[in-house]
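Engineer: Data: work20.pdb, PDB, C-alpha atoms and all ligand atoms.
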ATOM      1  CA  MET A   1     133.074   8.173  26.751  1.00  0.00           C
ATOM      2  CA  LYS A   2     129.955   9.182  24.917  1.00  0.00           C
ATOM      3  CA  ASN A   3     129.194   5.945  23.153  1.00  0.00           C
ATOM      4  CA  GLN A   4     129.712   3.791  26.248  1.00  0.00           C
ATOM      5  CA  ASN A   5     127.462   2.937  29.180  1.00  0.00           C
ATOM      6  CA  ALA A   6     128.476   3.190  32.868  1.00  0.00           C
ATOM      7  CA  ILE A   7     130.458  -0.065  32.729  1.00  0.00           C
ATOM      8  CA  GLY A   8     132.332   0.892  29.568  1.00  0.00           C
ATOM      9  CA  LEU A   9     130.377  -1.195  27.081  1.00  0.00           C
ATOM     10  CA  ASP A  10     129.283   0.022  23.682  1.00  0.00           C
ATOM     11  CA  LEU A  11     125.834   1.628  23.999  1.00  0.00           C
ATOM     12  CA  LYS A  12     124.349   0.113  20.875  1.00  0.00           C
ATOM     13  CA  GLY A  13     125.584  -3.371  21.768  1.00  0.00           C
ATOM     14  CA  SER A  14     124.305  -3.037  25.341  1.00  0.00           C
ATOM     15  CA  LYS A  15     120.914  -1.915  24.109  1.00  0.00           C
ATOM     16  CA  GLU A  16     120.601  -4.914  21.823  1.00  0.00           C
ATOM     17  CA  LEU A  17     121.807  -7.190  24.607  1.00  0.00           C
ATOM     18  CA  SER A  18     119.218  -5.773  26.994  1.00  0.00           C
ATOM     19  CA  LEU A  19     116.465  -6.554  24.463  1.00  0.00           C
ATOM     20  CA  LYS A  20     117.643 -10.149  24.242  1.00  0.00           C
ATOM     21  CA  LEU A  21     117.863 -10.354  28.036  1.00  0.00           C
ATOM     22  CA  ASN A  22     114.300  -9.029  28.285  1.00  0.00           C
ATOM     23  CA  GLU A  23     113.235 -11.841  25.993  1.00  0.00           C
ATOM     24  CA  LEU A  24     114.986 -14.293  28.321  1.00  0.00           C
ATOM     25  CA  LEU A  25     113.336 -12.647  31.333  1.00  0.00           C
ATOM     26  CA  ALA A  26     109.923 -13.083  29.689  1.00  0.00           C
ATOM     27  CA  ASN A  27     110.584 -16.751  28.959  1.00  0.00           C
ATOM     28  CA  TYR A  28     111.756 -17.366  32.519  1.00  0.00           C
ATOM     29  CA  SER A  29     108.689 -15.645  33.926  1.00  0.00           C
ATOM     30  CA  LEU A  30     106.298 -17.877  31.982  1.00  0.00           C
ATOM     31  CA  PHE A  31     108.446 -20.936  32.679  1.00  0.00           C
ATOM     32  CA  TYR A  32     108.380 -20.098  36.403  1.00  0.00           C
ATOM     33  CA  GLN A  33     104.625 -19.789  36.576  1.00  0.00           C
ATOM     34  CA  ASN A  34     104.111 -22.980  34.542  1.00  0.00           C
ATOM     35  CA  ILE A  35     106.266 -24.937  36.989  1.00  0.00           C
ATOM     36  CA  ARG A  36     104.305 -23.535  39.932  1.00  0.00           C
ATOM     37  CA  GLY A  37     101.208 -24.987  38.281  1.00  0.00           C
ATOM     38  CA  TYR A  38     102.880 -28.400  37.927  1.00  0.00           C
ATOM     39  CA  HIS A  39     104.010 -28.241  41.549  1.00  0.00           C
ATOM     40  CA  TRP A  40     100.427 -27.635  42.673  1.00  0.00           C
ATOM     41  CA  ASN A  41      98.480 -29.894  40.347  1.00  0.00           C
ATOM     42  CA  ILE A  42     100.643 -32.955  39.916  1.00  0.00           C
ATOM     43  CA  LYS A  43      98.954 -36.246  40.899  1.00  0.00           C
ATOM     44  CA  GLY A  44      99.849 -39.904  41.046  1.00  0.00           C
ATOM     45  CA  GLU A  45     102.489 -42.182  42.481  1.00  0.00           C
ATOM     46  CA  LYS A  46     105.352 -39.747  41.804  1.00  0.00           C
ATOM     47  CA  PHE A  47     103.591 -36.895  43.558  1.00  0.00           C
ATOM     48  CA  PHE A  48     106.005 -36.457  46.462  1.00  0.00           C
ATOM     49  CA  GLU A  49     109.080 -36.728  44.250  1.00  0.00           C
ATOM     50  CA  LEU A  50     107.894 -34.341  41.539  1.00  0.00           C
ATOM     51  CA  HIS A  51     106.146 -31.907  43.864  1.00  0.00           C
ATOM     52  CA  LEU A  52     109.520 -31.351  45.561  1.00  0.00           C
ATOM     53  CA  LYS A  53     111.566 -31.333  42.347  1.00  0.00           C
ATOM     54  CA  PHE A  54     109.288 -28.721  40.803  1.00  0.00           C
ATOM     55  CA  GLU A  55     109.585 -26.538  43.879  1.00  0.00           C
ATOM     56  CA  GLU A  56     113.381 -26.779  43.665  1.00  0.00           C
ATOM     57  CA  LEU A  57     113.195 -25.806  40.014  1.00  0.00           C
ATOM     58  CA  TYR A  58     110.883 -22.820  40.341  1.00  0.00           C
ATOM     59  CA  ASN A  59     112.957 -21.501  43.238  1.00  0.00           C
ATOM     60  CA  ASP A  60     116.030 -21.675  41.014  1.00  0.00           C
ATOM     61  CA  ILE A  61     114.234 -19.856  38.206  1.00  0.00           C
ATOM     62  CA  PHE A  62     112.952 -17.262  40.665  1.00  0.00           C
ATOM     63  CA  LEU A  63     116.581 -16.352  41.427  1.00  0.00           C
ATOM     64  CA  LYS A  64     117.463 -16.240  37.736  1.00  0.00           C
ATOM     65  CA  ILE A  65     114.559 -13.897  37.004  1.00  0.00           C
ATOM     66  CA  ASP A  66     116.023 -11.426  39.472  1.00  0.00           C
ATOM     67  CA  GLU A  67     119.586 -11.881  38.201  1.00  0.00           C
ATOM     68  CA  VAL A  68     118.595 -11.345  34.568  1.00  0.00           C
ATOM     69  CA  ALA A  69     116.494  -8.265  35.441  1.00  0.00           C
ATOM     70  CA  GLU A  70     119.342  -6.773  37.439  1.00  0.00           C
ATOM     71  CA  ARG A  71     121.801  -7.505  34.644  1.00  0.00           C
ATOM     72  CA  ILE A  72     119.579  -5.465  32.314  1.00  0.00           C
ATOM     73  CA  LEU A  73     119.687  -2.604  34.853  1.00  0.00           C
ATOM     74  CA  THR A  74     123.462  -2.957  35.137  1.00  0.00           C
ATOM     75  CA  LEU A  75     123.688  -2.516  31.365  1.00  0.00           C
ATOM     76  CA  GLY A  76     121.698   0.701  31.760  1.00  0.00           C
ATOM     77  CA  TYR A  77     118.224  -0.412  30.662  1.00  0.00           C
ATOM     78  CA  SER A  78     114.905  -1.370  32.235  1.00  0.00           C
ATOM     79  CA  PRO A  79     113.667  -4.913  32.729  1.00  0.00           C
ATOM     80  CA  GLU A  80     110.073  -5.603  31.698  1.00  0.00           C
ATOM     81  CA  HIS A  81     107.876  -6.458  34.662  1.00  0.00           C
ATOM     82  CA  ASN A  82     104.380  -6.907  33.252  1.00  0.00           C
ATOM     83  CA  TYR A  83     102.957 -10.298  32.426  1.00  0.00           C
ATOM     84  CA  SER A  84     101.155  -8.798  29.425  1.00  0.00           C
ATOM     85  CA  GLU A  85     104.588  -7.870  28.046  1.00  0.00           C
ATOM     86  CA  TYR A  86     106.082 -11.239  29.012  1.00  0.00           C
ATOM     87  CA  ARG A  87     103.336 -13.075  27.153  1.00  0.00           C
ATOM     88  CA  MET A  88     104.169 -11.164  23.985  1.00  0.00           C
ATOM     89  CA  LEU A  89     107.943 -11.595  24.282  1.00  0.00           C
ATOM     90  CA  SER A  90     108.057 -15.217  25.424  1.00  0.00           C
ATOM     91  CA  SER A  91     108.289 -18.258  23.147  1.00  0.00           C
ATOM     92  CA  ILE A  92     107.342 -20.405  26.141  1.00  0.00           C
ATOM     93  CA  LYS A  93     103.556 -20.273  26.370  1.00  0.00           C
ATOM     94  CA  GLU A  94     101.292 -20.536  29.411  1.00  0.00           C
ATOM     95  CA  SER A  95     100.548 -24.147  30.237  1.00  0.00           C
ATOM     96  CA  LYS A  96      97.058 -25.459  30.890  1.00  0.00           C
ATOM     97  CA  LEU A  97      96.227 -27.514  33.954  1.00  0.00           C
ATOM     98  CA  VAL A  98      98.572 -30.523  33.997  1.00  0.00           C
ATOM     99  CA  SER A  99      98.333 -33.305  36.559  1.00  0.00           C
ATOM    100  CA  ASP A 100     100.311 -35.981  34.692  1.00  0.00           C
ATOM    101  CA  GLY A 101     103.970 -36.019  35.771  1.00  0.00           C
ATOM    102  CA  LYS A 102     105.318 -37.127  32.404  1.00  0.00           C
ATOM    103  CA  VAL A 103     103.434 -34.405  30.545  1.00  0.00           C
ATOM    104  CA  ALA A 104     104.813 -31.839  32.986  1.00  0.00           C
ATOM    105  CA  VAL A 105     108.392 -33.102  32.645  1.00  0.00           C
ATOM    106  CA  GLU A 106     108.091 -33.219  28.851  1.00  0.00           C
ATOM    107  CA  ASP A 107     106.981 -29.591  28.880  1.00  0.00           C
ATOM    108  CA  ILE A 108     109.819 -28.654  31.236  1.00  0.00           C
ATOM    109  CA  LEU A 109     112.310 -30.304  28.860  1.00  0.00           C
ATOM    110  CA  ASN A 110     110.918 -28.291  25.937  1.00  0.00           C
ATOM    111  CA  SER A 111     111.137 -25.092  27.949  1.00  0.00           C
ATOM    112  CA  PHE A 112     114.720 -25.868  28.934  1.00  0.00           C
ATOM    113  CA  LYS A 113     115.565 -26.289  25.262  1.00  0.00           C
ATOM    114  CA  THR A 114     114.013 -22.903  24.514  1.00  0.00           C
ATOM    115  CA  VAL A 115     115.974 -21.053  27.206  1.00  0.00           C
ATOM    116  CA  ILE A 116     119.246 -22.881  26.499  1.00  0.00           C
ATOM    117  CA  VAL A 117     119.099 -21.979  22.799  1.00  0.00           C
ATOM    118  CA  LEU A 118     118.241 -18.382  23.655  1.00  0.00           C
ATOM    119  CA  GLN A 119     121.080 -18.192  26.177  1.00  0.00           C
ATOM    120  CA  ARG A 120     123.572 -19.527  23.619  1.00  0.00           C
ATOM    121  CA  ASP A 121     122.444 -16.794  21.285  1.00  0.00           C
ATOM    122  CA  ILE A 122     122.876 -14.175  24.028  1.00  0.00           C
ATOM    123  CA  LEU A 123     126.279 -15.616  24.891  1.00  0.00           C
ATOM    124  CA  LYS A 124     127.450 -15.304  21.298  1.00  0.00           C
ATOM    125  CA  PHE A 125     126.316 -11.714  21.254  1.00  0.00           C
ATOM    126  CA  SER A 126     127.775 -10.788  24.655  1.00  0.00           C
ATOM    127  CA  GLU A 127     131.080 -12.230  23.483  1.00  0.00           C
ATOM    128  CA  LYS A 128     130.926 -10.017  20.407  1.00  0.00           C
ATOM    129  CA  VAL A 129     130.396  -6.858  22.448  1.00  0.00           C
ATOM    130  CA  GLY A 130     132.945  -7.920  25.093  1.00  0.00           C
ATOM    131  CA  ASP A 131     130.400  -8.190  27.908  1.00  0.00           C
ATOM    132  CA  GLU A 132     132.106 -10.699  30.184  1.00  0.00           C
ATOM    133  CA  GLY A 133     129.506 -10.254  32.973  1.00  0.00           C
ATOM    134  CA  THR A 134     126.582 -11.392  30.834  1.00  0.00           C
ATOM    135  CA  ASN A 135     128.777 -13.991  29.193  1.00  0.00           C
ATOM    136  CA  ALA A 136     129.674 -15.638  32.513  1.00  0.00           C
ATOM    137  CA  LEU A 137     126.041 -15.558  33.647  1.00  0.00           C
ATOM    138  CA  MET A 138     124.869 -17.272  30.469  1.00  0.00           C
ATOM    139  CA  SER A 139     127.537 -19.964  30.531  1.00  0.00           C
ATOM    140  CA  ASP A 140     126.718 -20.790  34.170  1.00  0.00           C
ATOM    141  CA  TYR A 141     123.030 -21.125  33.319  1.00  0.00           C
ATOM    142  CA  ILE A 142     123.680 -23.211  30.222  1.00  0.00           C
ATOM    143  CA  ARG A 143     126.011 -25.655  31.951  1.00  0.00           C
ATOM    144  CA  ALA A 144     123.661 -26.245  34.889  1.00  0.00           C
ATOM    145  CA  GLN A 145     120.564 -26.545  32.714  1.00  0.00           C
ATOM    146  CA  GLU A 146     122.159 -28.957  30.270  1.00  0.00           C
ATOM    147  CA  LYS A 147     122.783 -31.217  33.255  1.00  0.00           C
ATOM    148  CA  LEU A 148     119.166 -30.838  34.373  1.00  0.00           C
ATOM    149  CA  VAL A 149     118.031 -31.815  30.875  1.00  0.00           C
ATOM    150  CA  TRP A 150     120.020 -35.017  31.184  1.00  0.00           C
ATOM    151  CA  MET A 151     118.452 -35.744  34.588  1.00  0.00           C
ATOM    152  CA  TYR A 152     114.878 -34.977  33.565  1.00  0.00           C
ATOM    153  CA  SER A 153     115.368 -36.995  30.368  1.00  0.00           C
ATOM    154  CA  SER A 154     116.573 -39.940  32.460  1.00  0.00           C
ATOM    155  CA  PHE A 155     113.419 -39.663  34.547  1.00  0.00           C
ATOM    156  CA  MET A 156     111.333 -39.903  31.361  1.00  0.00           C
ATOM    157  CA  LYS A 157     113.054 -43.126  30.307  1.00  0.00           C
ATOM    158  CA  ARG A 158     112.207 -45.096  33.452  1.00  0.00           C
TER
HETATM  159 FE    FE B 201     104.350 -25.554  47.699  1.00  0.00          FE
END
Here is a file; write its structure as structure tokens.

Structural biologist:
Amino acid sequence: MKNQNAIGLDLKGSKELSLKLNELLANYSLFYQNIRGYHWNIKGEKFFELHLKFEELYNDIFLKIDEVAERILTLGYSPEHNYSEYRMLSSIKESKLVSDGKVAVEDILNSFKTVIVLQRDILKFSEKVGDEGTNALMSDYIRAQEKLVWMYSSFMKR
């Protein structure tokens, strides 16, 4: 049908969804690079613990970056790939040099909040346009990240 994309979703809805997913992609890309910085620059008695945790986290986000980009392609649109574009689209900003573990974790918690809220918004929209694929992706991300927020928050309260 004329007003549908290759997977049978409404073109206008898919277009809007792809814009929101590009915004998520931009946020993940900045988030990813910020965590790499924390992984490298962290100092102090929790070094070994956090250095590893941050690596685990950026590897997870690395996979999500690819999944989100390929979801945009599946919907029939192009994922942004330039950092100049990401910096404009992302609410998460580039972090400065951080060597204090608590400052890094605090920033990670704020970034999680940003992406969780954005993903809930995407989920609401994907539900509206009947896009089960994006919907399932978002709910998986949200559930796992809400748990990570609990764990990182527990770390902060020690
Ligand atoms: Fe490393």

Engineer: Check what the PyMOL selection byres (((chain A and resi 50) around 12) and not hetatm) selects in the file above and give those residues as an MDAnalysis selection string.

Structural biologist: chainID A and resid 35:49 51:58 99:105 108 152 155

Engineer: Excluding same-chain residues fewer than 4 positions from Thr114 (chain A), what lies within 8 Å of it counting only C-alpha atoms, as a ChimeraX atom specification?

Structural biologist: /A:91-92,110,118

Engineer: Compile the contact shell of region 134-146 of chain A as JSON, numbers by chain: residues with an atom at most 9 Å away, counting all atoms listed in the file, same-chain residues fewer than 2 positions apart removed.

Structural biologist: {"A": [17, 64, 67, 68, 71, 112, 113, 115, 116, 117, 119, 120, 122, 123, 124, 125, 126, 127, 130, 131, 132, 148, 149, 150, 151]}

Engineer: Which residue out of A:Asn59, A:Lys15, A:Thr74, A:Gly8 has the minimum interatomic distance to ligand FE 201 (chain B) when all atoms listed in the file are used?

Structural biologist: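 Ranked by minimum distance to ligand FE 201 (chain B), first place goes to A:Asn59.
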
Engineer: For a test of reading the model, state the distance in Å between CA of Arg87 (chain A) and CA of Gly133 (chain A), rounded to one decimal.

Structural biologist: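 It comes out at 27.0 Å.
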
Engineer: Would you work out the distance separating CA of Asn82 (chain A) from CA of Asn22 (chain A), expressed in Å to one decimal?

Structural biologist: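 Interatomic distance, CA of Asn82 (chain A) to CA of Asn22 (chain A): 11.3 Å.
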
Engineer: Hey, could you pull the box centre and edge lengths for region 73-79 of chain A, axis-aligned, 8 Å padding per side, all listed atoms, to one decimal in Å, as AutoDock Vina command-line options?

Structural biologist:
--center_x 118.7 --center_y -2.1 --center_z 32.9 --size_x 26.0 --size_y 21.6 --size_z 20.5

Engineer: My list of candidates is A:Leu73, A:Val129, A:Ile65, A:Met156. Which is closest to Tyr32 (chain A) when distances are computed with only C-alpha atoms?

Structural biologist: A:Ile65

Engineer: In Å, with one decimal, what is the gap from CA of Glu80 (chain A) to CA of Tyr28 (chain A)?

Structural biologist: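 Between these atoms lies a distance of 11.9 Å.
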
Engineer: For Asp60 (chain A), which of A:Ser18, A:Phe31, A:Ser154, A:Val98 is the closest residue, counting all atoms listed in the file?

Structural biologist: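 Ranked by minimum distance to Asp60 (chain A), first place goes to A:Phe31.
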
Engineer: Hey, which of A:Ser90, A:Ser29, A:Ser84, A:Asn3 ends up closest to Asp66 (chain A)? Count only C-alpha atoms.

Structural biologist: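 Smallest distance to Asp66 (chain A) is found for A:Ser29.
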
Engineer: Of the residues A:Ser111, A:Ser153, A:Asn5, A:Ser78, which is the one nearest to Leu19 (chain A), using all atoms listed in the file?

Structural biologist: A:Ser78
